[in-house]
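Novice: Got a structure for you, questions after.
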Amino acid sequence: MAPAPKEATGNQSSWDTLLPDLPKGPLCRYRRKASFNWKEMAVFLDGEGIIQLKNRIFSSLESDPLFAHHRGEDLCREKYQELTFLRCKRLFEYDFLTLQEIIENPLKILCLVNCLGMYDWSPSLQYLLHCGVFAGPILSASKRFADFLKQIYKMEVFGCFALTELSHGTNTKGIRTTATFDPSTQEFIIHTPDFEAAKFWVGNMGKHATHAVVYAQLYTPDGQCHGLHSFIVQIRDTKSLLPVPGVMVGDIGMKLGQNGLDNGFAMFHNVRIPKENILNIAGDVTPEGKYLSSVKDVKEHFRAALGSLSTGRIFIMAASITNLKLALSIAIRFSAARRQFGPTDDEEMPVLEYQMQQWRLLPYLAATYALDYFCKSLLENFVEFYAGLLTKQRSQRQVDLGREIHALCAAGKPLTSWTAQQAVQECREACGGHGYLAMNRLGEIRNDNDPNCTYEGDNNVLLQQTSNYLMSWMDCIRDKAPFESPSGTINVLQDYHHILGWKFTANSVEDCMDSSVPLAAYKWLVCYLLQESDLKLRKEKQSGRSDFEAKNNCQVYYCRSLAIAFIEQTVLQRYHDYTHDPSIPSTLQPVLKKLSALYGLWSLSKYLAVLYQGGYASGEQPGKFIQNAILELCYRLKDDAVALVDVFAPPDFILNSPIAKASGELYKNMWAEILQGNKTLNRPSWWAELCINKPVVGRLRSKM
């Protein structure tokens with residue numbers, strides 16, 4: 001179940017205390033026209049506790065010289081990595097969140113990582129990889145690691161999560177690093193068979209990590225392989241940071257973005273670790289070398305071994321949504337302040353007034369709100385599941401919840417990261433030439449978001465896991481057997497046969513102004529694509545193809561589309577229910593409902609051909625209604641757009657984009673930034689090559 005809306009709290013006075021007024025300037029024109037109070041919206045969506053945490057983080061970074069921006073300087077990669085580590089270290093000194101605070105409100109850890117990411121993703125990810133991705137599996141294992149966890153949180157050791165290898169990434173079952181138990185010494189021997197099995201792309205491993213959670217195939221003395229398990233392995237000395245014997249570890253080199261983060265590789269040559277270093281989440285070994293596991297099913301064992309990946313995918317979703325917030329804060333503020341052309345030569349209009357600009361940006365604004373709510377609700381689902389893991393629950397509900405969350409994360413990461421990727425590019429272009437200037441940060445945001453489409457699972461491959469989950473319900477559907485999922489996301493399939501008979505019923509553009517219209521269409525779409533995918537798969541098998549070949553031939557236009565439509569329907573269902581809840585303040589509900597409708601219609605519009613192809617829509621009216629409703633909603637949200645980004649935009653220091661400062665004085669701010677640049681007005685050091693050393697034209701031309 002998705003979380004219920006928060007109660008509206010406070011009044012104008014308390015909101016003003018939490019959120020100071022924004023500076024006067026050109027953006028005031030739009031702020032005055034907004035249909036709601038942005039401070040009330042911020043407090044309603046986040047709550048006072050989260051806003052206080054944000055304020056504490058942002059003010060700390062702004063007042064700390066270590067986090068000062070280096071105007072006009074191109075930091076070399078080594079210096080950037082050093083600065084990133086020093087900043088990460090400083091975060092331990094601030095200790096913004098205690099474990100108790102995280103337990104009381106898990107959303108606070110999401111808030112912390114995202115606030116740091118708004119400043120710079122490199123130190124944010126370095127901190128998260130150590131405290132979350134490295135520490136998480138250790139925390140989930142037995143209590144024997146309690147003392148080691150204390151070392152982690154005091155930064156006495158520094159960790160990384162070593163899963164992928166040079167020749168295997170998304171196909172984690174193909175991992176080739178081995179961990180062989182030696183009963184004579186009560187040790188595991190960690191070994192890399194060849195360079196293709198080197199651990200690769202591991203964040204924090206390149207320069208800093210002293211320890212790694214290493215995933216390897218576990219072998220018992222009888223030579224039997226028991227599948228993937230995780231182990232704590234020391235890779236560098238904690239006093240000298242030199243590699244320990246048997247380990248070759250290094251940095252993989254320059255990346256397209258996030259170059260403050262050190263991604264590395266490691267090879268292990270018969271490295272011995274104590275038996276106790278196995279993270280016994282999925283299984284363990286007796287002193288005699290007998291394998292033990294409370295998880296009997298092979299698939300369940302694999303999920304248990306890799307359960308922490310769902311956590312990582314939720315954080316990647318949150319990071320992608322944070323990038324959406326940054327890019328839209330820049331593009332919408334720019335669009336509201338930038339004036340070009342107009343009805344007369346003497347009157348220029350803000351480019352936000354143009355329908356094209358609204359259509360390019362405002363659907364992404366709606367998507368940001370919908371996806372943000374979905375991500376937070378998914379985290380709450382995961383917290384319930386994680387509590388079950390910690391208390392060793394083995395109920396069927398726990399198993400089903402794990403499968404459901406895995407399917408949602410496997411599709412949620414592609415949806416959010418691709419949406420952010422497309423949105424940032426659109427924002428860059430919507431800001432024209434100024435968007436291409438590095439100082440305005442859209443290029444950095446685009447490059448830093450790009451890996452979200454790849455790590456923790458390639459997006460297109462992940463979608464197959466979600467479509468497999470959906471296809472697994474077809475026997476129940478065909479037999480009309482009862483079924484449900486703990487969070488209710490597949491309950492729509494209970495009415496599969498009935499829904500397939502639905503038709504588009506809206507009679508006007510105004511009818512489409514509520515998200516119930518695209519939601520109904522999405523329910524039909526999911527059922528239709530499930531039906532088509534199932535028919536395609538059965539046809540492939542009937543033609544004599546193997547299961548592998550049949551599945552491979554069902555991805556494009558079938559299973560891939562099914563998984564994407566399903567996750568979009570789930571996001572829309574949760575956001576529709578949220579925005580239509582009667583407990584939402586009447587001052588905020590109208591604009592939230594518009595955002596829900598715009599997100600639904602805009603997302604649905606790319607499936608118009610399928611809606612007609614499957615018979616859900618017929619005639620020219622449904623397509624026209626949907627398109628015209630999108631444009632009308634963009635127009636109705638135009639005056640609220642600046643206030644909607646004010647709700648989530650960080651302070652100017654954190655946003656760090658001259659064209660997006662809260663004042664809206666984009667030209668003054670850009671000009672000041674340019675003149676502060678290092679050597680902006682200096683003559684180039686190679687000036688003589690132009691002025692004195694003239695070329696001898698034709699000197700090098702061949703005489704042949």
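Labels used: A, B, ... for chains in the order of the structure tokens, numbers from 1 for residues in each chain, and numbers from 1 for ligands as shown.
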Could you tell me, as an MDAnalysis selection string, which residues of region 335-522 of chain A DSSP assigns to strand (DSSP E or B) when given the backbone?
Specialist: chainID A and resid 339:344 347:350
Novice: Next, the residues of the selection above should be written as a compact mmCIF listing (two decimals), in the first residue's frame with N, CA, C and O atoms.
Specialist:
```txt
# COMPACT_ATOMS: atom_id res chain seq x y z
N ARG A 339 13.18 36.47 -22.05
CA ARG A 339 12.17 37.04 -22.94
C ARG A 339 12.69 37.03 -24.38
O ARG A 339 13.80 37.46 -24.64
N GLN A 340 11.85 36.54 -25.29
CA GLN A 340 12.20 36.52 -26.71
C GLN A 340 10.93 36.72 -27.54
O GLN A 340 9.90 36.09 -27.27
N PHE A 341 10.99 37.57 -28.54
CA PHE A 341 9.87 37.82 -29.46
C PHE A 341 8.63 38.31 -28.69
O PHE A 341 8.69 38.60 -27.51
N GLY A 342 7.53 38.40 -29.37
CA GLY A 342 6.30 38.86 -28.76
C GLY A 342 5.29 39.29 -29.80
O GLY A 342 5.58 39.28 -31.01
N PRO A 343 4.08 39.68 -29.36
CA PRO A 343 3.03 40.07 -30.32
C PRO A 343 3.37 41.34 -31.10
O PRO A 343 2.88 41.55 -32.20
N THR A 344 4.24 42.18 -30.51
CA THR A 344 4.69 43.39 -31.23
C THR A 344 6.20 43.49 -31.10
O THR A 344 6.81 42.83 -30.25
N GLU A 347 7.38 44.48 -27.54
CA GLU A 347 7.00 43.68 -26.37
C GLU A 347 7.50 42.24 -26.52
O GLU A 347 7.02 41.49 -27.36
N GLU A 348 8.48 41.90 -25.69
CA GLU A 348 8.98 40.52 -25.69
C GLU A 348 8.33 39.73 -24.56
O GLU A 348 8.08 40.25 -23.48
N MET A 349 8.07 38.46 -24.83
CA MET A 349 7.38 37.61 -23.84
C MET A 349 8.36 36.62 -23.22
O MET A 349 9.29 36.16 -23.88
N PRO A 350 8.12 36.26 -21.94
CA PRO A 350 8.90 35.15 -21.36
C PRO A 350 8.67 33.89 -22.21
O PRO A 350 7.55 33.62 -22.64
```
Novice: Tell me, as a PyMOL selection string, which residues lie within 10 Å of Tyr364 (chain A), counting only C-alpha atoms; anything in the same chain fewer than 5 positions away does not count.
Specialist: chain A and resi 324-325+327-328+358-359+369-370+419-420+422-424+426-427+595+598-599+602-603
Novice: I'd like a table as a tab-separated table: residues in region 84-136 of chain A with an atom no more than 12 Å from region 206-209 of chain A, each row giving the shortest atom pair and its distance in Å to one decimal, only C-alpha atoms counted, sorted by chain and rising residue number.
Specialist:
```
residue	atom	partner	partner_atom	distance
A:Thr84	CA	A:His208	CA	11.0
A:Phe85	CA	A:His208	CA	8.3
A:Leu86	CA	A:His208	CA	11.3
A:Cys88	CA	A:His208	CA	11.4
A:Lys89	CA	A:His208	CA	11.5
A:Gln126	CA	A:His208	CA	9.8
A:Tyr127	CA	A:Ala209	CA	11.7
A:Leu129	CA	A:Ala209	CA	10.3
A:His130	CA	A:Ala209	CA	8.7
A:Phe134	CA	A:Ala209	CA	10.3
```
Novice: May I have the residues from that selection written out with N, CA, C and O atoms, as a compact mmCIF listing (two decimals), in the first residue's frame?
Specialist:
```txt
# COMPACT_ATOMS: atom_id res chain seq x y z
N THR A 84 36.93 15.10 -3.26
CA THR A 84 35.74 14.31 -3.01
C THR A 84 35.89 13.51 -1.72
O THR A 84 34.97 13.46 -0.88
N PHE A 85 37.05 12.88 -1.54
CA PHE A 85 37.26 12.08 -0.33
C PHE A 85 37.27 12.96 0.92
O PHE A 85 36.70 12.59 1.96
N LEU A 86 37.92 14.11 0.84
CA LEU A 86 37.94 15.02 2.00
C LEU A 86 36.53 15.48 2.36
O LEU A 86 36.18 15.60 3.54
N CYS A 88 33.77 13.76 1.67
CA CYS A 88 33.10 12.58 2.23
C CYS A 88 33.48 12.41 3.70
O CYS A 88 32.64 12.15 4.56
N LYS A 89 34.75 12.57 4.00
CA LYS A 89 35.24 12.47 5.37
C LYS A 89 34.58 13.52 6.27
O LYS A 89 34.21 13.24 7.41
N GLN A 126 29.99 8.40 -2.80
CA GLN A 126 31.08 7.79 -2.03
C GLN A 126 30.60 7.49 -0.61
O GLN A 126 30.86 6.41 -0.05
N TYR A 127 29.88 8.43 -0.03
CA TYR A 127 29.33 8.28 1.32
C TYR A 127 28.28 7.16 1.35
O TYR A 127 28.29 6.29 2.23
N LEU A 129 27.89 4.64 -0.81
CA LEU A 129 28.48 3.33 -1.09
C LEU A 129 29.10 2.72 0.17
O LEU A 129 29.01 1.51 0.40
N HIS A 130 29.72 3.57 0.98
CA HIS A 130 30.34 3.07 2.21
C HIS A 130 29.29 2.76 3.28
O HIS A 130 29.23 1.64 3.81
N PHE A 134 27.79 -0.86 1.08
CA PHE A 134 28.77 -1.75 1.71
C PHE A 134 28.25 -2.24 3.07
O PHE A 134 28.26 -3.44 3.36
```
Novice: Tell me, in Å to one decimal, how far CA of Phe92 (chain A) is from CA of Leu442 (chain A).
Specialist: 29.0 Å
Novice: Given only C-alpha atoms as the basis, pick out the residue of A:Glu187, A:Asp147, A:Glu568, A:Asp95 nearest to Ile273 (chain A).
Specialist: A:Glu187
Novice: Kindly give the distance, in Å, that separates CA of Ser657 (chain A) and CA of Ile330 (chain A), rounded to a single decimal.
Specialist: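 Computing it gives 7.1 Å between the two atoms.
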Novice: Which residues are close to Ile316 (chain A), i.e. within 8 Å by only C-alpha atoms, leaving aside same-chain residues fewer than 3 positions away? Reply as a PyMOL selection string.
Specialist: chain A and resi 312-313+319-320+413+417+452
Novice: Closest to Ala609 (chain A) among A:Leu110, A:Val571, A:Val133, A:Leu525, using only C-alpha atoms?
Specialist: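 Under the stated criterion, the closest residue is A:Leu525.
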Novice: For region 47-63 of chain A, find every residue with an atom within 8 Å (counting only C-alpha atoms), except residues of its own chain fewer than 4 positions away, and show them as a list in words.
Specialist: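 Close residues of region 47-63 of chain A: Lys6, Leu18, Ala42, Val43, Phe67, Ala68, Phe96, Lys108, Cys111, Leu112, Cys115, Leu116, Pro650, Pro651, Phe653 and Ile654 of chain A.
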Novice: Give me the residues near Leu519 (chain A) as a list in words, where near means some atom within 7 Å (using only C-alpha atoms) and where sequence neighbours in that chain fewer than 2 positions away do not count.
Specialist: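 The contact residues come out as Ser515, Ser516, Val517, Ala521, Tyr522, Lys523, Gln569, Leu572, Gln573 and Gly600 of chain A.
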Novice: Pick the closest to His211 (chain A) from A:Asp475, A:Asp237, A:Asp511, A:Asp448: which is it, counting only C-alpha atoms?
Specialist: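 Once distances to His211 (chain A) are computed over only C-alpha atoms, the minimum belongs to A:Asp237.
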Novice: For the contact check between region 549-668 of chain A and region 332-338 of chain A, emit one row per residue of region 549-668 of chain A within 9 Å, containing the shortest atom pair and the distance in Å rounded to one decimal, counting only C-alpha atoms, chain then rising number order, as a tab-separated table.
Specialist:
```
residue	atom	partner	partner_atom	distance
A:Ala641	CA	A:Ile332	CA	7.0
A:Val642	CA	A:Arg333	CA	6.3
A:Val645	CA	A:Ile332	CA	7.6
A:Ile659	CA	A:Phe334	CA	5.8
A:Ala660	CA	A:Arg333	CA	5.5
A:Lys661	CA	A:Arg333	CA	7.9
A:Ala662	CA	A:Arg333	CA	7.8
A:Gly664	CA	A:Ala337	CA	5.8
A:Glu665	CA	A:Ala337	CA	7.5
A:Leu666	CA	A:Ala337	CA	7.1
```
Novice: Which neighbours of region 477-479 of chain A fall inside 9 Å, counting only C-alpha atoms, when residues of the same chain fewer than 6 positions from it are skipped, and could you give them as an NGL selection string?
Specialist: :A and (493-497)
Novice: Give me, please, the distance in Å between CA of Asn682 (chain A) and CA of His70 (chain A), quoted to one decimal.
Specialist: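 We find that CA of Asn682 (chain A) and CA of His70 (chain A) lie 18.4 Å from each other.
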Novice: Which residues come within 10 Å of Leu462 (chain A), counting only C-alpha atoms, excluding same-chain residues fewer than 2 positions away, as a ChimeraX atom specification?
Specialist: /A:170,406-407,409-414,454,456-460,464-467,560,563
Novice: Mind dumping the selected residues with C-alpha atoms as a short mmCIF file (atom, residue, chain, number, x, y, z; two decimals), in the first residue's frame?
Specialist:
```
data_model
loop_
_atom_site.label_atom_id
_atom_site.label_comp_id
_atom_site.auth_asym_id
_atom_site.auth_seq_id
_atom_site.Cartn_x
_atom_site.Cartn_y
_atom_site.Cartn_z
CA THR A 170 24.09 -7.63 -15.48
CA HIS A 406 12.03 -6.68 -6.88
CA ALA A 407 9.70 -6.34 -9.90
CA CYS A 409 12.53 -1.78 -8.55
CA ALA A 410 13.56 -3.58 -11.73
CA ALA A 411 11.16 -1.42 -13.76
CA GLY A 412 11.21 1.70 -11.58
CA LYS A 413 14.93 2.27 -12.13
CA PRO A 414 14.61 2.25 -15.95
CA THR A 454 23.35 1.22 -16.46
CA GLU A 456 22.69 -1.94 -10.66
CA GLY A 457 21.45 -3.56 -13.88
CA ASP A 458 21.14 -2.45 -17.51
CA ASN A 459 17.70 -0.91 -17.94
CA ASN A 460 16.55 -3.07 -20.83
CA GLN A 464 12.78 -8.53 -18.45
CA GLN A 465 12.67 -9.34 -14.73
CA THR A 466 9.50 -7.29 -14.36
CA SER A 467 7.84 -8.81 -17.43
CA ARG A 560 9.59 -4.69 -22.83
CA ALA A 563 7.04 -3.89 -18.22
#
```
Novice: A:Leu675, A:Val351, A:Ala643, A:Tyr528: which is nearest Arg31 (chain A), counting only C-alpha atoms?
Specialist: A:Ala643
Novice: Smallest atom-to-atom distance to Leu633 (chain A): which of A:Ser395, A:Gln425, A:Gln355, A:Gln12, using only C-alpha atoms?
Specialist: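 That would be A:Gln355, the residue with the smallest distance to Leu633 (chain A).
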Novice: Which residue gives the smallest distance to Leu97 (chain A) among A:Val461, A:Asp64, A:Met439, A:Cys131, with only C-alpha atoms counted?
Specialist: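 Looking only at the distances to Leu97 (chain A), the closest residue turns out to be A:Cys131.
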